[in-house]
Amino acid sequence: MNDTLRSLLDLLDLERIEQDIFRGQSRASVVPRVFGGQVAAQALVAAGRTVPAERPPHSLHAYFLRPGDPGAPIVYTVDRVRDGRSFTTRRVVAVQHGKPIFHLTASFHAPEESVLEHQEPMPAVPDPLTLPTQAELLAGYADRFREPELIQRLLGARSAVDLRYVEAPPFASAGTEREPRSQVWFRTDGKLDGPDDLPLLHICLVTYVSDMTLLDSVLLAHGRGGWTVGDVVGASLDHAMWFHRPLRADEWLLYDQESPTARGGRGLGVGRIFAADGQLVASVVQEGVVRVPR
């Protein structure tokens with residue numbers, strides 16, 4: 001396990017300061033605010049710590065209300081909305097400087113026998129080990145970035161994750177409109193074992209990664225390179241996930257993403273996450289602000 005993955009796991013290991021109140025630390029991301037995937041993952045950790053381990057999360061719905069301050073801790077308050085025979089519901093409010101920055105509602109479900117089951121097939125894609133690493137990919141497009149140091153900041157922010165694009169990312173094809181679809185393989189850069197090998201933590205890590213690339217497909221449809229190129233500005237507005245089958249964040253997962261629509265300064269991203277054996281393990285929907293700078 002590399003140091004950055006260990007640092008990410010420590011970031012998700014919240015401090016309990018009261019029965020249903022937790023405190024998480026923040027760290028600088030590539031942009032001058034807390035990375036949305038971090039807040040979502042920490043909030044799900046907080047919710048999950050009030051639910052029996054044998055009842056994993058099956059869905060979450062969240063709103064990003066204010067930009068997070070990376071220089072201040074975040075306090076997560078959990079509301080035990082319902083404890084049913086099959087389902088458990090939790091509501092989490094993340095607070096900084098006395099104001100809510102994020103709301104999350106998560107539902108947890110006791111495993112049941114699978115009587116009715118189907119899924120869409122996994123798309124045909126290259127093996128992840130045949131694709132360039134993030135460092136190899138970024139080195140070939142250094143001239144596309146508006147500031148040279150952004151490459152190192154981006155690599156640093158994603159160094160806990162081995163992320164590999166199936167096709168060129170938005171910053172590599174800026175100026176050319178493409179099909180609004182993006183695919184990446186990802187896994188943690190190291191195995192989770194011992195006390196870290198918890199089903200809840202694997203789900204929270206996938207939640208963390210799910211916010212990294214979902215709006216790429218919106219940019220591709222309009223030939224925009226993204227904030228690193230400087231031809232759009234944006235932020236996540238809301239985020240929803242459904243977890244269909246058991247998953248491991250330290251094994252290869254394919255994130256198949258597309259954008260069905262964009263209008264009025266907002267773009268919608270829809271994603272499906274497949275395990276390497278073809279099982280559909282999660283679905284994701286996110287809307288974000290996507291604007292052309294004035």
# chains A, B, ... in the order shown; residues from 1 in each chain; ligands from 1
>>> residues_around(residues="Arg263 of chain A", least_positions_apart="5", cutoff="10 Å", atoms="only C-alpha atoms", output="JSON, numbers by chain")
{"A": [268, 289, 290, 291]}
>>> closest_atom_pairs(of="segment 42-137 of chain A", to="segment 237-249 of chain A", cutoff="10 Å", atoms="only C-alpha atoms", output="Markdown table")
| residue | atom | partner | partner_atom | distance |
| --- | --- | --- | --- | --- |
| A:Pro56 | CA | A:Phe243 | CA | 9.1 |
| A:Pro57 | CA | A:Phe243 | CA | 7.1 |
| A:His58 | CA | A:Phe243 | CA | 4.7 |
| A:Ser59 | CA | A:Trp242 | CA | 4.2 |
| A:Leu60 | CA | A:Met241 | CA | 5.3 |
| A:His61 | CA | A:Ala240 | CA | 4.4 |
| A:Ala62 | CA | A:His239 | CA | 5.2 |
| A:Tyr63 | CA | A:Asp238 | CA | 4.3 |
| A:Phe64 | CA | A:Leu237 | CA | 5.3 |
| A:Leu65 | CA | A:Leu237 | CA | 7.4 |
| A:Arg66 | CA | A:Leu237 | CA | 9.4 |
| A:Phe102 | CA | A:Asp238 | CA | 9.4 |
| A:His103 | CA | A:Asp238 | CA | 9.4 |
| A:Leu104 | CA | A:His239 | CA | 9.1 |
| A:Thr105 | CA | A:Ala240 | CA | 9.6 |
| A:Ala106 | CA | A:Met241 | CA | 9.4 |
| A:Ser107 | CA | A:Trp242 | CA | 9.5 |
| A:Phe108 | CA | A:Phe243 | CA | 10.0 |
| A:Pro111 | CA | A:Arg245 | CA | 9.9 |
| A:Gln119 | CA | A:His244 | CA | 9.7 |
>>> select_by_dssp(residues="segment 158-223 of chain A", states="helix (DSSP H, G or I)", output="list in words")
Pro170, Phe171, Ala172, Gly194, Pro195, Asp196, Pro199, Leu200, Leu201, His202, Ile203, Cys204, Leu205, Val206, Thr207, Tyr208, Val209, Ser210, Asp216, Ser217, Val218, Leu219, Leu220 and Ala221 of chain A
>>> atom_distance(atom1="atom CA of Pro199 of chain A", atom2="atom CA of Asp79 of chain A")
22.0 Å
>>> select_by_dssp(residues="segment 139-214 of chain A", states="strand (DSSP E or B)", output="JSON, numbers by chain")
{"A": [161, 162, 163, 164, 165, 181, 182, 183, 184, 185, 186, 187, 188]}
>>> residues_around(residues="Gln42 of chain A", least_positions_apart="4", cutoff="12 Å", atoms="only C-alpha atoms", output="PyMOL selection string")
chain A and resi 8-15+22-26+34-38+46-49+73-78+92-94+102-104+200-201+203-208
>>> residues_around(residues="segment 216-223 of chain A", least_positions_apart="6", cutoff="7 Å", atoms="only C-alpha atoms", output="list in words")
Pro170, Ser173, Ala174, Gly175, Thr176, Glu177, Arg178, Glu179, Pro180, Arg181, Ser182, Gln257, Glu258, Ser259, Ala262, Gly267 and Gly269 of chain A
>>> write_last_selection(atoms="N, CA, C and O atoms", output="PDB file, in the first residue's frame")
ATOM      1  N   PRO A 170     -11.094  14.545 -21.757  1.00  0.00           N
ATOM      2  CA  PRO A 170     -11.456  15.836 -22.351  1.00  0.00           C
ATOM      3  C   PRO A 170     -10.273  16.755 -22.614  1.00  0.00           C
ATOM      4  O   PRO A 170     -10.210  17.407 -23.673  1.00  0.00           O
ATOM      5  N   SER A 173      -8.566  16.111 -25.956  1.00  0.00           N
ATOM      6  CA  SER A 173      -9.287  16.262 -27.226  1.00  0.00           C
ATOM      7  C   SER A 173     -10.056  17.571 -27.292  1.00  0.00           C
ATOM      8  O   SER A 173     -11.040  17.675 -28.028  1.00  0.00           O
ATOM      9  N   ALA A 174      -9.624  18.564 -26.512  1.00  0.00           N
ATOM     10  CA  ALA A 174     -10.306  19.861 -26.516  1.00  0.00           C
ATOM     11  C   ALA A 174     -10.338  20.431 -27.925  1.00  0.00           C
ATOM     12  O   ALA A 174      -9.350  20.385 -28.659  1.00  0.00           O
ATOM     13  N   GLY A 175     -11.500  20.970 -28.293  1.00  0.00           N
ATOM     14  CA  GLY A 175     -11.669  21.536 -29.623  1.00  0.00           C
ATOM     15  C   GLY A 175     -12.354  20.597 -30.596  1.00  0.00           C
ATOM     16  O   GLY A 175     -12.740  21.005 -31.689  1.00  0.00           O
ATOM     17  N   THR A 176     -12.505  19.334 -30.209  1.00  0.00           N
ATOM     18  CA  THR A 176     -13.152  18.345 -31.068  1.00  0.00           C
ATOM     19  C   THR A 176     -14.349  17.752 -30.357  1.00  0.00           C
ATOM     20  O   THR A 176     -14.208  17.159 -29.289  1.00  0.00           O
ATOM     21  N   GLU A 177     -15.537  17.923 -30.927  1.00  0.00           N
ATOM     22  CA  GLU A 177     -16.736  17.349 -30.326  1.00  0.00           C
ATOM     23  C   GLU A 177     -16.755  15.845 -30.548  1.00  0.00           C
ATOM     24  O   GLU A 177     -16.430  15.361 -31.635  1.00  0.00           O
ATOM     25  N   ARG A 178     -17.114  15.104 -29.507  1.00  0.00           N
ATOM     26  CA  ARG A 178     -17.126  13.646 -29.563  1.00  0.00           C
ATOM     27  C   ARG A 178     -18.421  13.111 -28.987  1.00  0.00           C
ATOM     28  O   ARG A 178     -19.214  13.852 -28.389  1.00  0.00           O
ATOM     29  N   GLU A 179     -18.637  11.823 -29.150  1.00  0.00           N
ATOM     30  CA  GLU A 179     -19.780  11.177 -28.502  1.00  0.00           C
ATOM     31  C   GLU A 179     -19.707  11.443 -27.004  1.00  0.00           C
ATOM     32  O   GLU A 179     -18.634  11.346 -26.407  1.00  0.00           O
ATOM     33  N   PRO A 180     -20.832  11.802 -26.373  1.00  0.00           N
ATOM     34  CA  PRO A 180     -20.813  12.121 -24.942  1.00  0.00           C
ATOM     35  C   PRO A 180     -20.700  10.865 -24.080  1.00  0.00           C
ATOM     36  O   PRO A 180     -21.597  10.517 -23.319  1.00  0.00           O
ATOM     37  N   ARG A 181     -19.566  10.183 -24.196  1.00  0.00           N
ATOM     38  CA  ARG A 181     -19.345   8.950 -23.442  1.00  0.00           C
ATOM     39  C   ARG A 181     -17.876   8.846 -23.067  1.00  0.00           C
ATOM     40  O   ARG A 181     -16.989   9.142 -23.876  1.00  0.00           O
ATOM     41  N   SER A 182     -17.635   8.459 -21.834  1.00  0.00           N
ATOM     42  CA  SER A 182     -16.279   8.327 -21.317  1.00  0.00           C
ATOM     43  C   SER A 182     -16.191   7.047 -20.499  1.00  0.00           C
ATOM     44  O   SER A 182     -17.131   6.693 -19.780  1.00  0.00           O
ATOM     45  N   GLN A 257     -19.463   5.915 -18.514  1.00  0.00           N
ATOM     46  CA  GLN A 257     -20.157   7.167 -18.224  1.00  0.00           C
ATOM     47  C   GLN A 257     -20.674   7.819 -19.508  1.00  0.00           C
ATOM     48  O   GLN A 257     -20.002   7.764 -20.549  1.00  0.00           O
ATOM     49  N   GLU A 258     -21.831   8.444 -19.409  1.00  0.00           N
ATOM     50  CA  GLU A 258     -22.384   9.152 -20.559  1.00  0.00           C
ATOM     51  C   GLU A 258     -23.202  10.338 -20.074  1.00  0.00           C
ATOM     52  O   GLU A 258     -23.575  10.421 -18.899  1.00  0.00           O
ATOM     53  N   SER A 259     -23.470  11.255 -20.998  1.00  0.00           N
ATOM     54  CA  SER A 259     -24.278  12.430 -20.671  1.00  0.00           C
ATOM     55  C   SER A 259     -25.476  12.488 -21.598  1.00  0.00           C
ATOM     56  O   SER A 259     -25.324  12.757 -22.799  1.00  0.00           O
ATOM     57  N   ALA A 262     -27.472  18.348 -21.539  1.00  0.00           N
ATOM     58  CA  ALA A 262     -26.908  19.523 -20.871  1.00  0.00           C
ATOM     59  C   ALA A 262     -27.685  20.734 -21.345  1.00  0.00           C
ATOM     60  O   ALA A 262     -28.003  20.853 -22.538  1.00  0.00           O
ATOM     61  N   GLY A 267     -25.159  20.179 -16.547  1.00  0.00           N
ATOM     62  CA  GLY A 267     -24.970  18.976 -17.341  1.00  0.00           C
ATOM     63  C   GLY A 267     -25.226  17.748 -16.493  1.00  0.00           C
ATOM     64  O   GLY A 267     -24.926  17.736 -15.293  1.00  0.00           O
ATOM     65  N   GLY A 269     -24.631  13.656 -15.849  1.00  0.00           N
ATOM     66  CA  GLY A 269     -23.803  12.490 -16.112  1.00  0.00           C
ATOM     67  C   GLY A 269     -24.442  11.246 -15.516  1.00  0.00           C
ATOM     68  O   GLY A 269     -24.968  11.286 -14.401  1.00  0.00           O
TER      69      GLY A 269
END
>>> closest_residue(among="A:Leu215, A:Val270, A:Ala275, A:Leu5", to="Phe186 of chain A", atoms="only C-alpha atoms")
A:Ala275
>>> residues_around(residues="segment 133-143 of chain A", least_positions_apart="3", cutoff="12 Å", atoms="only C-alpha atoms", output="PyMOL selection string")
chain A and resi 128-130+146-174+184-187+189+225+228-229
>>> residues_around(residues="Asp277 of chain A", least_positions_apart="6", cutoff="10 Å", atoms="only C-alpha atoms", output="ChimeraX atom specification")
/A:122,252-253
>>> closest_residue(among="A:Val45, A:Ala110, A:Val209, A:Ala124", to="Thr88 of chain A", atoms="only C-alpha atoms")
A:Ala110
>>> atom_distance(atom1="atom CA of Gln286 of chain A", atom2="atom CA of Leu214 of chain A")
7.3 Å
>>> closest_residue(among="A:Gln183, A:Ser114, A:Thr188, A:Thr89", to="Asn2 of chain A", atoms="only C-alpha atoms")
A:Thr188
>>> atom_distance(atom1="atom CA of Thr50 of chain A", atom2="atom CA of Val281 of chain A")
23.5 Å
>>> closest_residue(among="A:Gly278, A:Pro260, A:Gly68, A:Pro293", to="Gly234 of chain A", atoms="only C-alpha atoms")
A:Pro293
